[in-house]
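Undergrad: Supplied in structure tokens, the structure appears directly below.
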Amino acid sequence: MTATAGTVETAGAQPTEALARWARRNAWSLGLLAFFAALLVFTKFIQPSYGVTGVQGLAISVLPLALAAVAQAIVVISGGIDLSIGSMMALTNVVAASLMLGRSDEFAVVVVVGVLLLGLVLGAVNGALVVLTRVPDIVVTLAMSFVWAGCALLVLKTPGGGSAQWLKDLVLGPLGNEWIPKAAIVLVLIVGLIWWAVRRSRFGLSLYAIGSNQLAAFRSGVSVGRAKVFAYALTGLFAAFAGLSLTASTGIGNPLSGSYTLQSVAAVVLGGVSLAGGRGGAFGPIVAVLILALLRTDMTFLNLNPNLATSAQGIILIGVVMVGTLFQIRRGRP
Amino acid sequence: MTLAATDLLLEATGVSKTYGAVVALKAASLAVRPGEVHALMGANGAGKSTLVKILTGAVRPDSGTIAVRGRPRIVHSPGEARRGGLVSVYQEPALIPDLDIRSNLRLTETPIEPFRHWLRELGVDDLDLLSTARHVPLASLRIIDLARALAIEPDVLMLDEMTAALPANLTERVLEVIGRLRGGDRSVIFISHRLIEIGAVCDRATVLREGETVGVVDVDEGSEERIVELMLGDIVKGLPGRDGRRATGGARATAAKPRLTARNLASGTKLQDVSFDLAPGEVLGVVALEGQGQDELFDVLAGSERASSGELLVDGSPVSFHHPADAIRAGLVFVAADRAEALLMQRSVRENIALPYTARIRSWGPIDLRGEGRTVDAAVATLQIDARAGREVRRLSGGNQQKVTIARWVAGGVKTLLCFDPTRGIDIRTKQQIYVLLRELAEAGAAVLLYTSDLKEIPLVCDRAIVIFGGRVVSEIDAASADETALLRAAYNLRSDALMPEDVAAEAVAGAVGAEVAGPLPDESPASGQPASER
């Protein structure tokens, strides 16, 4: 959290100035990254054997939640919230697993594309309901979380199904250097490409606009309803990516897979995305997911009761957000 | 050029709109010729804003037709209106706070070079396009908004109360640029409560009253009276006799022990050194340009900020406020310019008025609803609040909302009233009711401190006025004898005998602190333009 304040006079500033500005804008993410680095050092200190396997394990275990956090970040930036992310993940997860069981690799490609489209549709349905019924987003997505969870149980009553080998190979193991997990590459590629395209597009601009000030966005000519449906659809797409990553990493489908929804909200908050909308990005939440996962690992190394670890996670969440806000207040008042 | 009726650039006829039981527009019509600056006038609640919203597609009318260049057109959204050449600039900035200026321009597909050109024309050359809109001062945002609208060269540009909170020098610049648009093939629809601005830039004026178009006036010498007459209808209003109150009010002010005394108050970087005495029965004006420390002064007095140094005395004993509740307990109550800051918009008029009254009862028992009802009813009657839409305050017009914020303090019996620009964006009729009310409160023994961005109000309402410049009190004026020019000069901290060309004024603002103290003001005749008083 750099304090290199001071207003800049003219546009087209020098590179150093542009860098300083970039650092200032991304102060939160950079701070989180520093925190993560410190945490890695701390981990190595308390558990000297932490190394290649640890990093590989971390990457594969955070992949679903990292994608879910990006999904949540998109809709939260647009000023909404999606409580059905976990259920959408479960539904896409079981659909993929049940269709792929015992089928050819070629068919699995069709399944993957189809499941991603399914995610887009699920999200678009959420968005359309929010826009058309004018029921608050938190209510709509909570309700839809039951609907999608029910659908998931209809598809697969108990954990089962399977995954194409190539899909598993896509995320398991290292790529080239043993320190570079495939899961990390996949995450960077998916998020990097889509997020880059979104940020460059007018849609991305509308996303931030409606989250920041809906009335001003409307007056600026943004079609608020359409932008919202887009936001939810994109969230659905990332939820589908997350669901597929579950299929890939576990090799099966589970209709009751985990408590990803609220964890994604926690990661988004910790990742510097304002719950009021309009601020934040995709990078912060991903680092936040890494931090949360590594904290959990460290607590195991320290032989703490795992139930206590969950509680500690909550307290850390409040603490970090509080400290960060203090920094922001200090920066605001020189 | 001679124009037939079919040469109209924009024509709206028989436009109506109702919200539930509230009729916003009954039969509004508006005809704008190419190349003219057309004023849209009307008291608050007359339907100006609704008409603009309909023209820009933000609201769908119940009936009526809108034609652009003779062709009927239905617009469904601001985006569509924008593409069709109808663009409006609103009272509050329409920029996205979390995006930088460049992204904001990209959002509305505004070309950068014309934008820069208009920005320079409007007197802003040093804008950093990469700064986030949230961190740009309000006045600059309005200018950016206007430049953005001008840059896409709309057929019809609508300016809704655009100048309401601009400092005087920027307002002049804006009016100058608008004036230069006259005579082309594009038009401007101009909404403002300031008749001086209408006279300065407008060719014709359409007057709305209670949702109907009641007249179209050619703007020239003497048309002001006619416009005001049309706006107000048959309602005759006036202020209580001024000569009488000046004698009594002024005398009492000097004789009585001050209710509120400020000694060398300072806070933050803006408020440097402010001292004054405020006596019961007195209305003390605060004259200041935008951002001279008046915001901080009122924050300190109302208990929302703590002074970094200086002393505050209420009835002679020193006080220190840690919370607005402390100030309220000491009898200092605050009326803000921004109604949204003060009101619970979704609650009723009654609840809003009763809020401080109820909050004062330090018990957990049930609220005495009947007693509360009596107090509230009395306050509603005193302030003549139009409470037809009383179930939700947000449905009231701006003027009526402001009356509610004043009423809540009157209901509890007010000792010291701190008014920060209470008439901002309010129509003449409600303004006058507020003036009368402030005078009556003072007559009844209350002490009133009034900051206003409309300098005309100072001689109308105040006994004395202090001038704040660069965070310091630079002079004190006998308000009743000062006219607008004298006050403006004082606000710019200029010598009263010097002329005030624009560049000098700008310099004076730039070199704020340490400028010389204004000399005694010439005793010019009081400002006219106000209907003759009755009593």
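Going through the structure tokens in order, the chains are called A, B, and so on, while each chain numbers its residues from 1 and the ligands are numbered from 1 in the order shown.
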For chain B, list the residues within 7 Å of chain A, counting only C-alpha atoms, and write the list as JSON, numbers by chain.

TA: {"B": [78, 79, 94, 95, 96, 97, 98, 107, 108, 126, 127, 128, 129, 130]}

Undergrad: How about saving the chosen residues, C-alpha atoms kept, as a PDB file, in the first residue's frame?

TA:
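Once written, result-v9.pdb looks like this:
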ATOM      1  CA  PRO B  78     -31.454   7.859 -22.801  1.00  0.00           C
ATOM      2  CA  GLY B  79     -29.123   5.887 -25.065  1.00  0.00           C
ATOM      3  CA  ALA B  94     -23.981  11.778 -14.679  1.00  0.00           C
ATOM      4  CA  LEU B  95     -20.405  10.514 -14.639  1.00  0.00           C
ATOM      5  CA  ILE B  96     -19.635   7.089 -13.234  1.00  0.00           C
ATOM      6  CA  PRO B  97     -17.761   7.770  -9.966  1.00  0.00           C
ATOM      7  CA  ASP B  98     -15.521   4.687 -10.114  1.00  0.00           C
ATOM      8  CA  LEU B 107     -19.009   4.797 -22.252  1.00  0.00           C
ATOM      9  CA  THR B 108     -20.950   7.500 -24.079  1.00  0.00           C
ATOM     10  CA  ASP B 126      -5.579  21.148 -16.898  1.00  0.00           C
ATOM     11  CA  LEU B 127      -7.812  18.126 -16.599  1.00  0.00           C
ATOM     12  CA  ASP B 128      -6.166  14.742 -16.193  1.00  0.00           C
ATOM     13  CA  LEU B 129      -8.260  12.301 -18.199  1.00  0.00           C
ATOM     14  CA  LEU B 130      -6.983   9.396 -16.137  1.00  0.00           C
TER      15      LEU B 130
END

Undergrad: Based on the backbone DSSP call, show me all residues of region 155-214 of chain B assigned helix (DSSP H, G or I), as a list in words.

TA: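 In region 155-214 of chain B, DSSP puts these residues in helix (DSSP H, G or I): Ala168, Asn169, Leu170, Thr171, Glu172, Arg173, Val174, Leu175, Glu176, Val177, Ile178, Gly179, Arg180, Leu195, Ile196, Glu197, Ile198, Gly199, Ala200 and Val201 of chain B.
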
Undergrad: Restricted to C-alpha atoms, what would the selected residues look like written as a PDB file, in the first residue's frame?

TA:
ATOM      1  CA  ALA B 168     -19.935  32.446 -10.115  1.00  0.00           C
ATOM      2  CA  ASN B 169     -16.925  32.514 -12.448  1.00  0.00           C
ATOM      3  CA  LEU B 170     -17.720  29.115 -13.965  1.00  0.00           C
ATOM      4  CA  THR B 171     -21.377  30.010 -14.353  1.00  0.00           C
ATOM      5  CA  GLU B 172     -20.366  33.031 -16.390  1.00  0.00           C
ATOM      6  CA  ARG B 173     -18.173  30.870 -18.567  1.00  0.00           C
ATOM      7  CA  VAL B 174     -20.964  28.372 -19.143  1.00  0.00           C
ATOM      8  CA  LEU B 175     -23.442  31.103 -20.047  1.00  0.00           C
ATOM      9  CA  GLU B 176     -20.954  32.600 -22.467  1.00  0.00           C
ATOM     10  CA  VAL B 177     -20.456  29.275 -24.267  1.00  0.00           C
ATOM     11  CA  ILE B 178     -24.194  28.644 -24.410  1.00  0.00           C
ATOM     12  CA  GLY B 179     -24.724  32.141 -25.775  1.00  0.00           C
ATOM     13  CA  ARG B 180     -22.320  31.380 -28.600  1.00  0.00           C
ATOM     14  CA  LEU B 195     -33.913  34.835 -13.836  1.00  0.00           C
ATOM     15  CA  ILE B 196     -30.706  36.760 -14.470  1.00  0.00           C
ATOM     16  CA  GLU B 197     -29.317  33.785 -16.376  1.00  0.00           C
ATOM     17  CA  ILE B 198     -32.506  33.450 -18.380  1.00  0.00           C
ATOM     18  CA  GLY B 199     -32.276  37.093 -19.346  1.00  0.00           C
ATOM     19  CA  ALA B 200     -28.629  36.708 -20.265  1.00  0.00           C
ATOM     20  CA  VAL B 201     -28.790  33.775 -22.694  1.00  0.00           C
TER      21      VAL B 201
END

Undergrad: Identify all residues of region 96-274 of chain A in strand (DSSP E) (DSSP on the backbone) and supply them as a list in words.

TA: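 Residues of region 96-274 of chain A classed as strand (DSSP E): Pro174, Leu175, Asn177, Glu178, Trp179, Ile180 and Pro181 of chain A.
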
Undergrad: Which residues are close to region 297-312 of chain B, i.e. within 12 Å by only C-alpha atoms, leaving aside same-chain residues fewer than 6 positions away? Reply as a ChimeraX atom specification.

TA: /B:258-278,286,288,291,318-337,416-421,449-451,468,471-473

Undergrad: List the spatial neighbours of region 53-57 of chain B as a PyMOL selection string - criterion: any atom at most 12 Å away, only C-alpha atoms, same-chain residues fewer than 6 positions off excluded.

TA: (chain A and resi 218-221) or (chain B and resi 10-13+15-17+24-25+28-30+47+63-68+73-90+154+156-160+189)

Undergrad: With only C-alpha atoms as the counted atoms, please give the residues lying no more than 9 Å from Leu294 (chain A), apart from itself and same-chain residues fewer than 3 positions off, as an NGL selection string.

TA: :A and (36 or 39-40 or 43 or 58 or 289-291 or 297-299)

Undergrad: What would the file look like if the residues just selected were written as a CSV table (one decimal), in the first residue's frame with C-alpha atoms?

TA:
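Dumped everything to result_1.csv:
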chain,number,residue,atom,x,y,z
A,36,PHE,CA,0.7,-14.1,0.3
A,39,LEU,CA,2.7,-16.4,4.2
A,40,LEU,CA,4.7,-18.7,1.8
A,43,THR,CA,4.9,-21.8,5.7
A,58,LEU,CA,-2.3,-25.8,-3.4
A,289,VAL,CA,-8.4,-17.6,-2.4
A,290,LEU,CA,-4.7,-18.6,-2.3
A,291,ILE,CA,-4.3,-16.9,1.1
A,297,THR,CA,-2.7,-25.6,5.4
A,298,ASP,CA,-0.5,-23.7,7.9
A,299,MET,CA,-3.0,-24.3,10.7

Undergrad: Excluding Gln165 (chain A) and residues on its chain fewer than 6 positions from it, collect all residues at most 9 Å away from it, counting only C-alpha atoms, and give them as a PDB file with C-alpha atoms, in the first residue's frame.

TA:
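So the final result, stored in out14.pdb, reads:
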ATOM      1  CA  ASP A 105     -12.622 -38.425 -25.542  1.00  0.00           C
ATOM      2  CA  ALA A 248     -11.461 -32.754 -13.645  1.00  0.00           C
ATOM      3  CA  GLY A 251     -12.781 -37.372 -11.514  1.00  0.00           C
TER       4      GLY A 251
END

Undergrad: I'd like the interatomic distance between CA of Gly160 (chain A) and CA of Ile252 (chain A), to a tenth of an Å.

TA: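 The value is 5.4 Å.
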
Undergrad: If we count only C-alpha atoms and set the cut-off at 12 Å, which residues sit around region 344-350 of chain B, ignoring sequence neighbours fewer than 4 positions away in its own chain? Please answer as a PyMOL selection string.

TA: chain B and resi 339-340+354-358+369-370+372-380+385-398+400-408+411

Undergrad: Just to confirm, what's the straight-line distance from CA of Asp478 (chain B) to CA of Pro280 (chain B) in Å (one decimal)?

TA: 17.0 Å

Undergrad: Find the residue from B:Tyr19, B:Pro167, B:Glu113, B:Arg120 that sits nearest to Ile152 (chain B); use only C-alpha atoms when measuring.

TA: B:Glu113
